[in-house]
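Shown next: run.cif, containing mmCIF, C-alpha atoms; chains and numbers go by the auth columns.
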```cif
data_query
#
loop_
_atom_site.group_PDB
_atom_site.id
_atom_site.type_symbol
_atom_site.label_atom_id
_atom_site.label_comp_id
_atom_site.label_asym_id
_atom_site.label_seq_id
_atom_site.Cartn_x
_atom_site.Cartn_y
_atom_site.Cartn_z
_atom_site.B_iso_or_equiv
_atom_site.auth_seq_id
_atom_site.auth_asym_id
ATOM 1 C CA MET A 1 -193.369 -43.340 11.311 0.00 15 A
ATOM 2 C CA LYS A 2 -191.935 -40.328 9.495 0.00 16 A
ATOM 3 C CA LYS A 3 -190.264 -39.168 12.730 0.00 17 A
ATOM 4 C CA ILE A 4 -188.727 -42.620 13.313 0.00 18 A
ATOM 5 C CA GLY A 5 -187.445 -42.776 9.723 0.00 19 A
ATOM 6 C CA PHE A 6 -185.933 -39.312 10.025 0.00 20 A
ATOM 7 C CA LEU A 7 -184.237 -40.312 13.307 0.00 21 A
ATOM 8 C CA ILE A 8 -182.714 -43.459 11.749 0.00 22 A
ATOM 9 C CA LEU A 9 -181.456 -41.447 8.761 0.00 23 A
ATOM 10 C CA ALA A 10 -179.876 -38.868 11.074 0.00 24 A
ATOM 11 C CA LEU A 11 -178.130 -41.570 13.134 0.00 25 A
ATOM 12 C CA CYS A 12 -176.758 -43.232 9.981 0.00 26 A
ATOM 13 C CA SER A 13 -175.480 -39.888 8.718 0.00 27 A
ATOM 14 C CA LEU A 14 -173.767 -39.190 12.055 0.00 28 A
ATOM 15 C CA CYS A 15 -172.162 -42.661 12.054 0.00 29 A
ATOM 16 C CA LEU A 16 -170.852 -42.230 8.477 0.00 30 A
ATOM 17 C CA THR A 17 -169.419 -38.790 9.299 0.00 31 A
ATOM 18 C CA SER A 18 -167.718 -40.208 12.376 0.00 32 A
ATOM 19 C CA CYS A 19 -166.172 -43.052 10.369 0.00 33 A
ATOM 20 C CA LEU A 20 -164.877 -40.690 7.689 0.00 34 A
ATOM 21 C CA ASP A 21 -163.392 -38.420 10.359 0.00 35 A
ATOM 22 C CA GLU A 22 -161.652 -41.441 11.877 0.00 36 A
ATOM 23 C CA LEU A 23 -160.170 -42.418 8.494 0.00 37 A
ATOM 24 C CA ASP A 24 -158.988 -38.866 7.882 0.00 38 A
ATOM 25 C CA ASN A 25 -157.161 -38.856 11.217 0.00 39 A
ATOM 26 C CA TYR A 26 -154.435 -41.202 9.942 0.00 40 A
ATOM 27 C CA ASP A 27 -151.088 -39.454 9.472 0.00 41 A
ATOM 28 C CA ALA A 28 -149.922 -38.966 5.899 0.00 42 A
ATOM 29 C CA PRO A 29 -146.558 -40.418 4.833 0.00 43 A
ATOM 30 C CA ASN A 30 -143.877 -38.034 6.052 0.00 44 A
ATOM 31 C CA GLY A 31 -140.725 -39.390 4.413 0.00 45 A
ATOM 32 C CA GLY A 32 -139.246 -40.685 1.199 0.00 46 A
ATOM 33 C CA ILE A 33 -136.394 -42.767 -0.134 0.00 47 A
ATOM 34 C CA LYS A 34 -134.305 -42.539 -3.280 0.00 48 A
ATOM 35 C CA GLY A 35 -131.105 -44.175 -4.401 0.00 49 A
ATOM 36 C CA ARG A 36 -129.212 -46.228 -6.957 0.00 50 A
ATOM 37 C CA ILE A 37 -128.449 -49.892 -7.529 0.00 51 A
ATOM 38 C CA LEU A 38 -124.693 -49.824 -8.025 0.00 52 A
ATOM 39 C CA ASP A 39 -122.441 -52.380 -9.682 0.00 53 A
ATOM 40 C CA ALA A 40 -120.214 -53.897 -6.993 0.00 54 A
ATOM 41 C CA SER A 41 -117.218 -53.873 -9.348 0.00 55 A
ATOM 42 C CA THR A 42 -117.562 -50.587 -11.242 0.00 56 A
ATOM 43 C CA GLY A 43 -119.473 -48.458 -8.736 0.00 57 A
ATOM 44 C CA GLN A 44 -121.771 -47.313 -11.561 0.00 58 A
ATOM 45 C CA PRO A 45 -125.574 -47.686 -11.670 0.00 59 A
ATOM 46 C CA ILE A 46 -126.645 -50.999 -13.210 0.00 60 A
ATOM 47 C CA PRO A 47 -128.805 -50.536 -16.339 0.00 61 A
ATOM 48 C CA LEU A 48 -132.215 -52.069 -15.678 0.00 62 A
ATOM 49 C CA PRO A 49 -135.446 -52.900 -17.527 0.00 63 A
ATOM 50 C CA VAL A 50 -137.963 -50.134 -18.102 0.00 64 A
ATOM 51 C CA GLN A 51 -139.895 -49.155 -14.990 0.00 65 A
ATOM 52 C CA GLY A 52 -143.087 -51.219 -15.006 0.00 66 A
ATOM 53 C CA SER A 53 -144.523 -54.701 -14.600 0.00 67 A
ATOM 54 C CA GLY A 54 -141.452 -56.400 -16.070 0.00 68 A
ATOM 55 C CA GLY A 55 -138.963 -54.251 -14.198 0.00 69 A
ATOM 56 C CA VAL A 56 -136.934 -54.454 -11.005 0.00 70 A
ATOM 57 C CA ILE A 57 -139.062 -54.350 -7.853 0.00 71 A
ATOM 58 C CA ILE A 58 -137.950 -52.449 -4.760 0.00 72 A
ATOM 59 C CA ARG A 59 -139.518 -53.801 -1.568 0.00 73 A
ATOM 60 C CA LEU A 60 -139.506 -51.869 1.702 0.00 74 A
ATOM 61 C CA TYR A 61 -140.161 -53.883 4.862 0.00 75 A
ATOM 62 C CA GLU A 62 -140.935 -51.846 7.974 0.00 76 A
ATOM 63 C CA GLN A 63 -138.823 -52.884 10.952 0.00 77 A
ATOM 64 C CA GLY A 64 -140.111 -52.850 14.513 0.00 78 A
ATOM 65 C CA THR A 65 -143.747 -52.208 13.562 0.00 79 A
ATOM 66 C CA ASN A 66 -146.831 -54.346 13.078 0.00 80 A
ATOM 67 C CA ALA A 67 -146.822 -53.860 9.288 0.00 81 A
ATOM 68 C CA SER A 68 -147.370 -57.199 7.564 0.00 82 A
ATOM 69 C CA GLN A 69 -146.874 -56.170 3.945 0.00 83 A
ATOM 70 C CA SER A 70 -143.993 -54.541 2.106 0.00 84 A
ATOM 71 C CA VAL A 71 -144.181 -51.245 0.253 0.00 85 A
ATOM 72 C CA ASP A 72 -143.388 -52.108 -3.373 0.00 86 A
ATOM 73 C CA PHE A 73 -142.413 -49.926 -6.329 0.00 87 A
ATOM 74 C CA TYR A 74 -140.266 -50.182 -9.456 0.00 88 A
ATOM 75 C CA ALA A 75 -136.729 -49.036 -10.130 0.00 89 A
ATOM 76 C CA LYS A 76 -136.003 -47.022 -13.286 0.00 90 A
ATOM 77 C CA GLN A 77 -134.024 -48.216 -16.294 0.00 91 A
ATOM 78 C CA ASP A 78 -131.105 -45.923 -15.424 0.00 92 A
ATOM 79 C CA GLY A 79 -130.510 -47.873 -12.196 0.00 93 A
ATOM 80 C CA THR A 80 -132.172 -45.401 -9.829 0.00 94 A
ATOM 81 C CA PHE A 81 -135.249 -45.726 -7.625 0.00 95 A
ATOM 82 C CA GLU A 82 -137.452 -43.309 -5.690 0.00 96 A
ATOM 83 C CA ASN A 83 -140.579 -43.282 -3.553 0.00 97 A
ATOM 84 C CA SER A 84 -141.394 -39.919 -1.986 0.00 98 A
ATOM 85 C CA GLN A 85 -144.400 -41.144 0.011 0.00 99 A
ATOM 86 C CA VAL A 86 -143.289 -43.497 2.795 0.00 100 A
ATOM 87 C CA PHE A 87 -143.433 -43.246 6.554 0.00 101 A
ATOM 88 C CA ASN A 88 -140.433 -42.278 8.652 0.00 102 A
ATOM 89 C CA CYS A 89 -139.138 -45.487 10.226 0.00 103 A
ATOM 90 C CA ASP A 90 -136.541 -48.227 9.815 0.00 104 A
ATOM 91 C CA TYR A 91 -136.744 -50.350 6.671 0.00 105 A
ATOM 92 C CA LEU A 92 -135.182 -53.425 5.179 0.00 106 A
ATOM 93 C CA VAL A 93 -134.747 -52.570 1.474 0.00 107 A
ATOM 94 C CA VAL A 94 -134.607 -55.393 -1.084 0.00 108 A
ATOM 95 C CA ALA A 95 -134.220 -55.136 -4.881 0.00 109 A
ATOM 96 C CA GLU A 96 -135.432 -58.087 -6.965 0.00 110 A
ATOM 97 C CA GLY A 97 -133.839 -58.235 -10.405 0.00 111 A
ATOM 98 C CA PRO A 98 -131.151 -59.690 -12.727 0.00 112 A
ATOM 99 C CA PHE A 99 -128.453 -59.964 -10.081 0.00 113 A
ATOM 100 C CA GLU A 100 -126.331 -62.800 -8.699 0.00 114 A
ATOM 101 C CA GLN A 101 -128.095 -62.173 -5.387 0.00 115 A
ATOM 102 C CA ASN A 102 -130.858 -59.693 -4.700 0.00 116 A
ATOM 103 C CA PRO A 103 -129.176 -56.800 -2.855 0.00 117 A
ATOM 104 C CA GLU A 104 -130.572 -55.671 0.467 0.00 118 A
ATOM 105 C CA GLY A 105 -129.781 -53.306 3.303 0.00 119 A
ATOM 106 C CA THR A 106 -131.354 -51.459 6.216 0.00 120 A
ATOM 107 C CA VAL A 107 -131.963 -47.729 6.374 0.00 121 A
ATOM 108 C CA LYS A 108 -133.647 -45.284 8.717 0.00 122 A
ATOM 109 C CA VAL A 109 -135.939 -43.031 6.681 0.00 123 A
ATOM 110 C CA SER A 110 -136.190 -39.549 8.169 0.00 124 A
ATOM 111 C CA GLY A 111 -137.630 -37.097 5.696 0.00 125 A
ATOM 112 C CA GLN A 112 -136.330 -37.479 2.149 0.00 126 A
ATOM 113 C CA THR A 113 -133.529 -40.031 2.547 0.00 127 A
ATOM 114 C CA THR A 114 -130.868 -41.231 0.090 0.00 128 A
ATOM 115 C CA PHE A 115 -129.817 -44.881 0.213 0.00 129 A
ATOM 116 C CA ASP A 116 -127.875 -46.949 -2.345 0.00 130 A
ATOM 117 C CA LEU A 117 -127.744 -50.713 -2.844 0.00 131 A
ATOM 118 C CA THR A 118 -124.814 -52.688 -4.269 0.00 132 A
ATOM 119 C CA ALA A 119 -125.226 -55.729 -6.520 0.00 133 A
ATOM 120 C CA THR A 120 -123.477 -57.867 -9.107 0.00 134 A
ATOM 121 C CA PRO A 121 -125.315 -58.193 -12.432 0.00 135 A
ATOM 122 C CA MET A 122 -125.407 -61.587 -14.127 0.00 136 A
ATOM 123 C CA ALA A 123 -123.578 -60.009 -17.071 0.00 137 A
ATOM 124 C CA ARG A 124 -122.140 -56.649 -18.073 0.00 138 A
ATOM 125 C CA ILE A 125 -122.770 -55.317 -21.556 0.00 139 A
ATOM 126 C CA GLU A 126 -120.712 -52.773 -23.464 0.00 140 A
ATOM 127 C CA ALA A 127 -122.365 -51.379 -26.586 0.00 141 A
ATOM 128 C CA SER A 128 -122.183 -48.511 -29.051 0.00 142 A
ATOM 129 C CA ALA A 129 -124.423 -47.588 -31.970 0.00 143 A
ATOM 130 C CA THR A 130 -123.918 -45.720 -35.239 0.00 144 A
ATOM 131 C CA ALA A 131 -126.290 -44.730 -38.035 0.00 145 A
ATOM 132 C CA SER A 132 -125.703 -44.243 -41.734 0.00 146 A
ATOM 133 C CA GLY A 133 -128.947 -43.069 -43.251 0.00 147 A
ATOM 134 C CA ARG A 134 -131.407 -45.710 -42.107 0.00 148 A
ATOM 135 C CA ILE A 135 -128.813 -48.408 -41.518 0.00 149 A
ATOM 136 C CA VAL A 136 -128.118 -48.683 -37.789 0.00 150 A
ATOM 137 C CA THR A 137 -125.320 -50.846 -36.416 0.00 151 A
ATOM 138 C CA ILE A 138 -124.737 -51.865 -32.798 0.00 152 A
ATOM 139 C CA ASN A 139 -121.332 -53.153 -31.717 0.00 153 A
ATOM 140 C CA TYR A 140 -121.474 -55.031 -28.429 0.00 154 A
ATOM 141 C CA LYS A 141 -119.703 -57.286 -25.969 0.00 155 A
ATOM 142 C CA VAL A 142 -121.359 -59.355 -23.230 0.00 156 A
ATOM 143 C CA THR A 143 -119.209 -60.416 -20.274 0.00 157 A
ATOM 144 C CA PRO A 144 -120.810 -62.822 -17.775 0.00 158 A
ATOM 145 C CA SER A 145 -119.960 -62.089 -14.152 0.00 159 A
ATOM 146 C CA LYS A 146 -118.718 -65.667 -13.720 0.00 160 A
ATOM 147 C CA ALA A 147 -116.927 -67.860 -16.239 0.00 161 A
ATOM 148 C CA ASN A 148 -119.429 -70.692 -15.818 0.00 162 A
ATOM 149 C CA TYR A 149 -122.482 -68.508 -16.483 0.00 163 A
ATOM 150 C CA GLN A 150 -124.165 -69.361 -19.785 0.00 164 A
ATOM 151 C CA VAL A 151 -125.466 -66.619 -22.080 0.00 165 A
ATOM 152 C CA SER A 152 -128.333 -68.190 -24.018 0.00 166 A
ATOM 153 C CA GLU A 153 -129.534 -65.189 -26.071 0.00 167 A
ATOM 154 C CA VAL A 154 -128.416 -61.696 -26.990 0.00 168 A
ATOM 155 C CA TYR A 155 -130.916 -59.067 -28.166 0.00 169 A
ATOM 156 C CA GLY A 156 -130.486 -55.965 -30.247 0.00 170 A
ATOM 157 C CA ILE A 157 -133.521 -53.772 -29.595 0.00 171 A
ATOM 158 C CA TRP A 158 -134.662 -50.429 -31.006 0.00 172 A
ATOM 159 C CA ASN A 159 -137.578 -48.190 -30.107 0.00 173 A
ATOM 160 C CA TYR A 160 -138.975 -44.798 -31.070 0.00 174 A
ATOM 161 C CA ALA A 161 -139.071 -43.796 -27.379 0.00 175 A
ATOM 162 C CA PRO A 162 -136.296 -43.739 -24.743 0.00 176 A
ATOM 163 C CA GLY A 163 -137.822 -46.644 -22.815 0.00 177 A
ATOM 164 C CA VAL A 164 -136.203 -49.738 -24.340 0.00 178 A
ATOM 165 C CA ASP A 165 -136.144 -53.356 -23.151 0.00 179 A
ATOM 166 C CA ASN A 166 -137.249 -56.886 -24.049 0.00 180 A
ATOM 167 C CA GLY A 167 -140.878 -56.221 -23.106 0.00 181 A
ATOM 168 C CA GLY A 168 -143.212 -56.088 -26.085 0.00 182 A
ATOM 169 C CA ALA A 169 -144.443 -52.589 -25.272 0.00 183 A
ATOM 170 C CA ASN A 170 -140.899 -51.205 -25.069 0.00 184 A
ATOM 171 C CA GLN A 171 -139.569 -52.158 -28.473 0.00 185 A
ATOM 172 C CA ALA A 172 -140.341 -51.415 -32.092 0.00 186 A
ATOM 173 C CA GLY A 173 -137.878 -53.978 -33.423 0.00 187 A
ATOM 174 C CA LYS A 174 -135.617 -56.739 -32.125 0.00 188 A
ATOM 175 C CA LYS A 175 -132.993 -59.148 -33.429 0.00 189 A
ATOM 176 C CA THR A 176 -131.831 -62.164 -31.459 0.00 190 A
ATOM 177 C CA VAL A 177 -128.356 -63.662 -31.812 0.00 191 A
ATOM 178 C CA SER A 178 -126.249 -66.125 -29.833 0.00 192 A
ATOM 179 C CA ASP A 179 -122.769 -64.597 -30.043 0.00 193 A
ATOM 180 C CA THR A 180 -121.557 -62.784 -26.937 0.00 194 A
ATOM 181 C CA SER A 181 -119.710 -60.191 -29.012 0.00 195 A
ATOM 182 C CA GLY A 182 -120.087 -58.786 -32.484 0.00 196 A
ATOM 183 C CA SER A 183 -122.470 -56.476 -34.303 0.00 197 A
ATOM 184 C CA ILE A 184 -126.207 -56.298 -34.983 0.00 198 A
ATOM 185 C CA THR A 185 -127.513 -54.279 -37.924 0.00 199 A
ATOM 186 C CA PHE A 186 -130.996 -52.885 -38.517 0.00 200 A
ATOM 187 C CA ASN A 187 -132.061 -51.679 -41.958 0.00 201 A
ATOM 188 C CA LEU A 188 -134.984 -49.556 -40.862 0.00 202 A
ATOM 189 C CA ASP A 189 -136.522 -49.533 -44.340 0.00 203 A
ATOM 190 C CA GLU A 190 -136.952 -53.293 -43.891 0.00 204 A
ATOM 191 C CA GLU A 191 -138.315 -53.043 -40.347 0.00 205 A
ATOM 192 C CA SER A 192 -142.079 -53.624 -40.355 0.00 206 A
ATOM 193 C CA ASN A 193 -142.738 -51.083 -37.591 0.00 207 A
ATOM 194 C CA PHE A 194 -140.562 -48.274 -38.936 0.00 208 A
ATOM 195 C CA LYS A 195 -143.235 -46.886 -41.278 0.00 209 A
ATOM 196 C CA ASP A 196 -145.861 -47.146 -38.540 0.00 210 A
ATOM 197 C CA TYR A 197 -143.769 -45.124 -36.096 0.00 211 A
ATOM 198 C CA GLN A 198 -142.026 -42.845 -38.591 0.00 212 A
ATOM 199 C CA TYR A 199 -144.223 -39.849 -37.760 0.00 213 A
ATOM 200 C CA LYS A 200 -143.245 -40.171 -34.091 0.00 214 A
ATOM 201 C CA ILE A 201 -139.575 -40.515 -35.001 0.00 215 A
ATOM 202 C CA LYS A 202 -139.709 -37.427 -37.228 0.00 216 A
ATOM 203 C CA SER A 203 -141.461 -35.392 -34.545 0.00 217 A
ATOM 204 C CA ASN A 204 -138.585 -36.304 -32.177 0.00 218 A
ATOM 205 C CA GLY A 205 -135.824 -35.050 -34.458 0.00 219 A
ATOM 206 C CA ASN A 206 -135.407 -38.391 -36.314 0.00 220 A
ATOM 207 C CA LYS A 207 -134.030 -40.039 -33.171 0.00 221 A
ATOM 208 C CA ILE A 208 -134.347 -43.691 -32.267 0.00 222 A
ATOM 209 C CA TYR A 209 -133.145 -45.474 -29.124 0.00 223 A
ATOM 210 C CA LEU A 210 -131.310 -48.776 -28.892 0.00 224 A
ATOM 211 C CA ARG A 211 -130.139 -51.298 -26.346 0.00 225 A
ATOM 212 C CA VAL A 212 -128.470 -54.661 -26.116 0.00 226 A
ATOM 213 C CA GLY A 213 -129.896 -57.242 -23.736 0.00 227 A
ATOM 214 C CA ALA A 214 -128.422 -60.599 -22.759 0.00 228 A
ATOM 215 C CA ARG A 215 -130.156 -63.534 -21.103 0.00 229 A
ATOM 216 C CA THR A 216 -127.688 -65.092 -18.664 0.00 230 A
ATOM 217 C CA GLU A 217 -128.762 -68.045 -16.540 0.00 231 A
ATOM 218 C CA GLY A 218 -132.363 -67.028 -17.273 0.00 232 A
ATOM 219 C CA LYS A 219 -131.995 -63.370 -16.237 0.00 233 A
ATOM 220 C CA ILE A 220 -131.755 -60.437 -18.657 0.00 234 A
ATOM 221 C CA ASN A 221 -129.257 -57.622 -18.211 0.00 235 A
ATOM 222 C CA TYR A 222 -128.962 -54.584 -20.458 0.00 236 A
ATOM 223 C CA SER A 223 -126.549 -52.071 -21.859 0.00 237 A
ATOM 224 C CA GLU A 224 -127.187 -48.397 -21.358 0.00 238 A
ATOM 225 C CA VAL A 225 -129.677 -46.813 -23.773 0.00 239 A
ATOM 226 C CA MET A 226 -128.068 -45.460 -26.964 0.00 240 A
ATOM 227 C CA GLU A 227 -129.490 -42.670 -29.133 0.00 241 A
ATOM 228 C CA VAL A 228 -128.863 -42.206 -32.865 0.00 242 A
ATOM 229 C CA THR A 229 -130.316 -39.936 -35.540 0.00 243 A
ATOM 230 C CA VAL A 230 -131.605 -41.517 -38.740 0.00 244 A
ATOM 231 C CA ASN A 231 -132.524 -39.830 -42.034 0.00 245 A
#
```

Taking this structure as input, can you express it in the form of structure tokens?
Amino acid sequence: MKKIGFLILALCSLCLTSCLDELDNYDAPNGGIKGRILDASTGQPIPLPVQGSGGVIIRLYEQGTNASQSVDFYAKQDGTFENSQVFNCDYLVVAEGPFEQNPEGTVKVSGQTTFDLTATPMARIEASATASGRIVTINYKVTPSKANYQVSEVYGIWNYAPGVDNGGANQAGKKTVSDTSGSITFNLDEESNFKDYQYKIKSNGNKIYLRVGARTEGKINYSEVMEVTVN
């Protein structure tokens, strides 16, 4: 019985080793893709939500293969995207985000490949920020891409870190208004989170980061991130 048990154990070990060897024989990804989502009118990268679960998804669909699922990853808030671990082949690239239509295009990935997409945001936002002590003022203007687009909300958002958007984890304070142009003021001494995050702000040279967001036809576009120093 001991000999039979030893034989079974040896066969199982050989089978497991063979299976692991077979798995290890798959080729590793040998290419990559990076690019920008550019505004069709300005040619500049479109500011996006922070990279993460509430951000813009980039989907890569293999063309001419048996792959049934897309390769998905998130674009960054500066309007760029990158995935350095994909296979060399032809792809349909689609970006899902706050655009009139989700931009798409085809590209042949061969090694590290650069590929840009062009889109029209639902709205474009110009904004600037100034600080006087702990009083921070944002001046902004929201321009919908079409005259009939309705802007339902405008957000002034600040954070102690450079990642800033309407997601709860990416803001320390927010004010909501309805006007498509004007100013939003934060008195940080009256902001409930300022004291909680003050040690982080001080350790970063007293800098905070701000953005304006606008919900247009249900989709939120953003200004670029602004940095100010508070005392």

Using only C-alpha atoms, which protein or nucleic acid residues come within 6 Å of segment 83-97 of chain A? Drop anything in the same chain fewer than 2 positions from it, and give the result as a PyMOL selection string. chain A and resi 46-51+59-65+70-75+81+99

List the spatial neighbours of Ser206 of chain A as a ChimeraX atom specification - criterion: any atom at most 10 Å away, all atoms listed in the file, same-chain residues fewer than 5 positions off excluded. /A:186-187,211

Please provide the set of residues having any atom within 10 Å of segment 118-123 of chain A, restricted to only C-alpha atoms, with same-chain residues fewer than 3 positions apart removed, written as a count of residues only. 30

Selection dump of the PyMOL selection byres ((chain A and resi 177) around 8), as a VMD selection string: chain A and resid 64 91 173 175 to 176 178 to 179 184 223

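Residues matched by the PyMOL selection byres ((chain A and resi 236) around 9) in this file are Ile60, Pro61, Leu62, Pro63, Ala137, Arg138, Ile139, Glu140, Asp179, Arg225, Val226, Gly227, Ala228, Ile234, Asn235, Ser237, Glu238 and Val239 of chain A.
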
With all atoms listed in the file as the counted atoms, please give the residues lying no more than 12 Å from Glu204 of chain A, apart from itself and same-chain residues fewer than 4 positions off, as an MDAnalysis selection string. chainID A and resid 148:150 187 199:200 208:209

Find, counting all atoms listed in the file, the residue in A:Tyr174, A:Lys189, A:Thr144, A:Ser55 that gets nearest to Lys214 of chain A. A:Tyr174

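Residues surrounding Leu224 of chain A within 6 Å are A:Ile171, A:Trp172, A:Val239, A:Met240 [all atoms listed in the file; sequence separation below 5 positions excluded].
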
Since I can't run it myself right now, could you work out what the PyMOL selection byres ((chain A and resi 192) around 12) selects here and report it as an mmCIF file with C-alpha atoms, keeping the file's coordinate frame?
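Once written, part_2.cif looks like this:
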```cif
data_model
loop_
_atom_site.group_PDB
_atom_site.id
_atom_site.type_symbol
_atom_site.label_atom_id
_atom_site.label_comp_id
_atom_site.auth_asym_id
_atom_site.auth_seq_id
_atom_site.Cartn_x
_atom_site.Cartn_y
_atom_site.Cartn_z
ATOM 1 C CA LYS A 155 -119.703 -57.286 -25.969
ATOM 2 C CA VAL A 156 -121.359 -59.355 -23.230
ATOM 3 C CA GLN A 164 -124.165 -69.361 -19.785
ATOM 4 C CA VAL A 165 -125.466 -66.619 -22.080
ATOM 5 C CA SER A 166 -128.333 -68.190 -24.018
ATOM 6 C CA GLU A 167 -129.534 -65.189 -26.071
ATOM 7 C CA VAL A 168 -128.416 -61.696 -26.990
ATOM 8 C CA TYR A 169 -130.916 -59.067 -28.166
ATOM 9 C CA GLY A 170 -130.486 -55.965 -30.247
ATOM 10 C CA LYS A 189 -132.993 -59.148 -33.429
ATOM 11 C CA THR A 190 -131.831 -62.164 -31.459
ATOM 12 C CA VAL A 191 -128.356 -63.662 -31.812
ATOM 13 C CA ASP A 193 -122.769 -64.597 -30.043
ATOM 14 C CA THR A 194 -121.557 -62.784 -26.937
ATOM 15 C CA SER A 195 -119.710 -60.191 -29.012
ATOM 16 C CA GLY A 196 -120.087 -58.786 -32.484
ATOM 17 C CA SER A 197 -122.470 -56.476 -34.303
ATOM 18 C CA ILE A 198 -126.207 -56.298 -34.983
ATOM 19 C CA GLY A 227 -129.896 -57.242 -23.736
ATOM 20 C CA ALA A 228 -128.422 -60.599 -22.759
ATOM 21 C CA ARG A 229 -130.156 -63.534 -21.103
ATOM 22 C CA THR A 230 -127.688 -65.092 -18.664
#
```

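Between atom CA of Asn116 of chain A and atom CA of Gly68 of chain A there is a distance of 15.9 Å.
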
Nearest-residue call for Leu52 of chain A, choices A:Ile152, A:Gly232, A:Gly125, A:Phe113, using only C-alpha atoms: A:Phe113

Please compute the atom CA of Pro112 of chain A-atom CA of Gln58 of chain A distance, one decimal, in Å.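 Computing the Euclidean distance for atom CA of Pro112 of chain A and atom CA of Gln58 of chain A yields 15.6 Å.
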
Given all atoms listed in the file as the basis, pick out the residue of A:Asn201, A:Pro135, A:Ala42, A:Ser124 nearest to Glu231 of chain A.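 Residue with the minimum atom-to-atom distance to Glu231 of chain A: A:Pro135.
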
May I ask for the distance between atom CA of Met136 of chain A and atom CA of Lys233 of chain A, given in Å to one decimal place? 7.1 Å

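You can rank A:Ser98, A:Thr79, A:Asn207, A:Thr56 by their closest distance to Pro43 of chain A using only C-alpha atoms, and at the top of that list sits A:Ser98.
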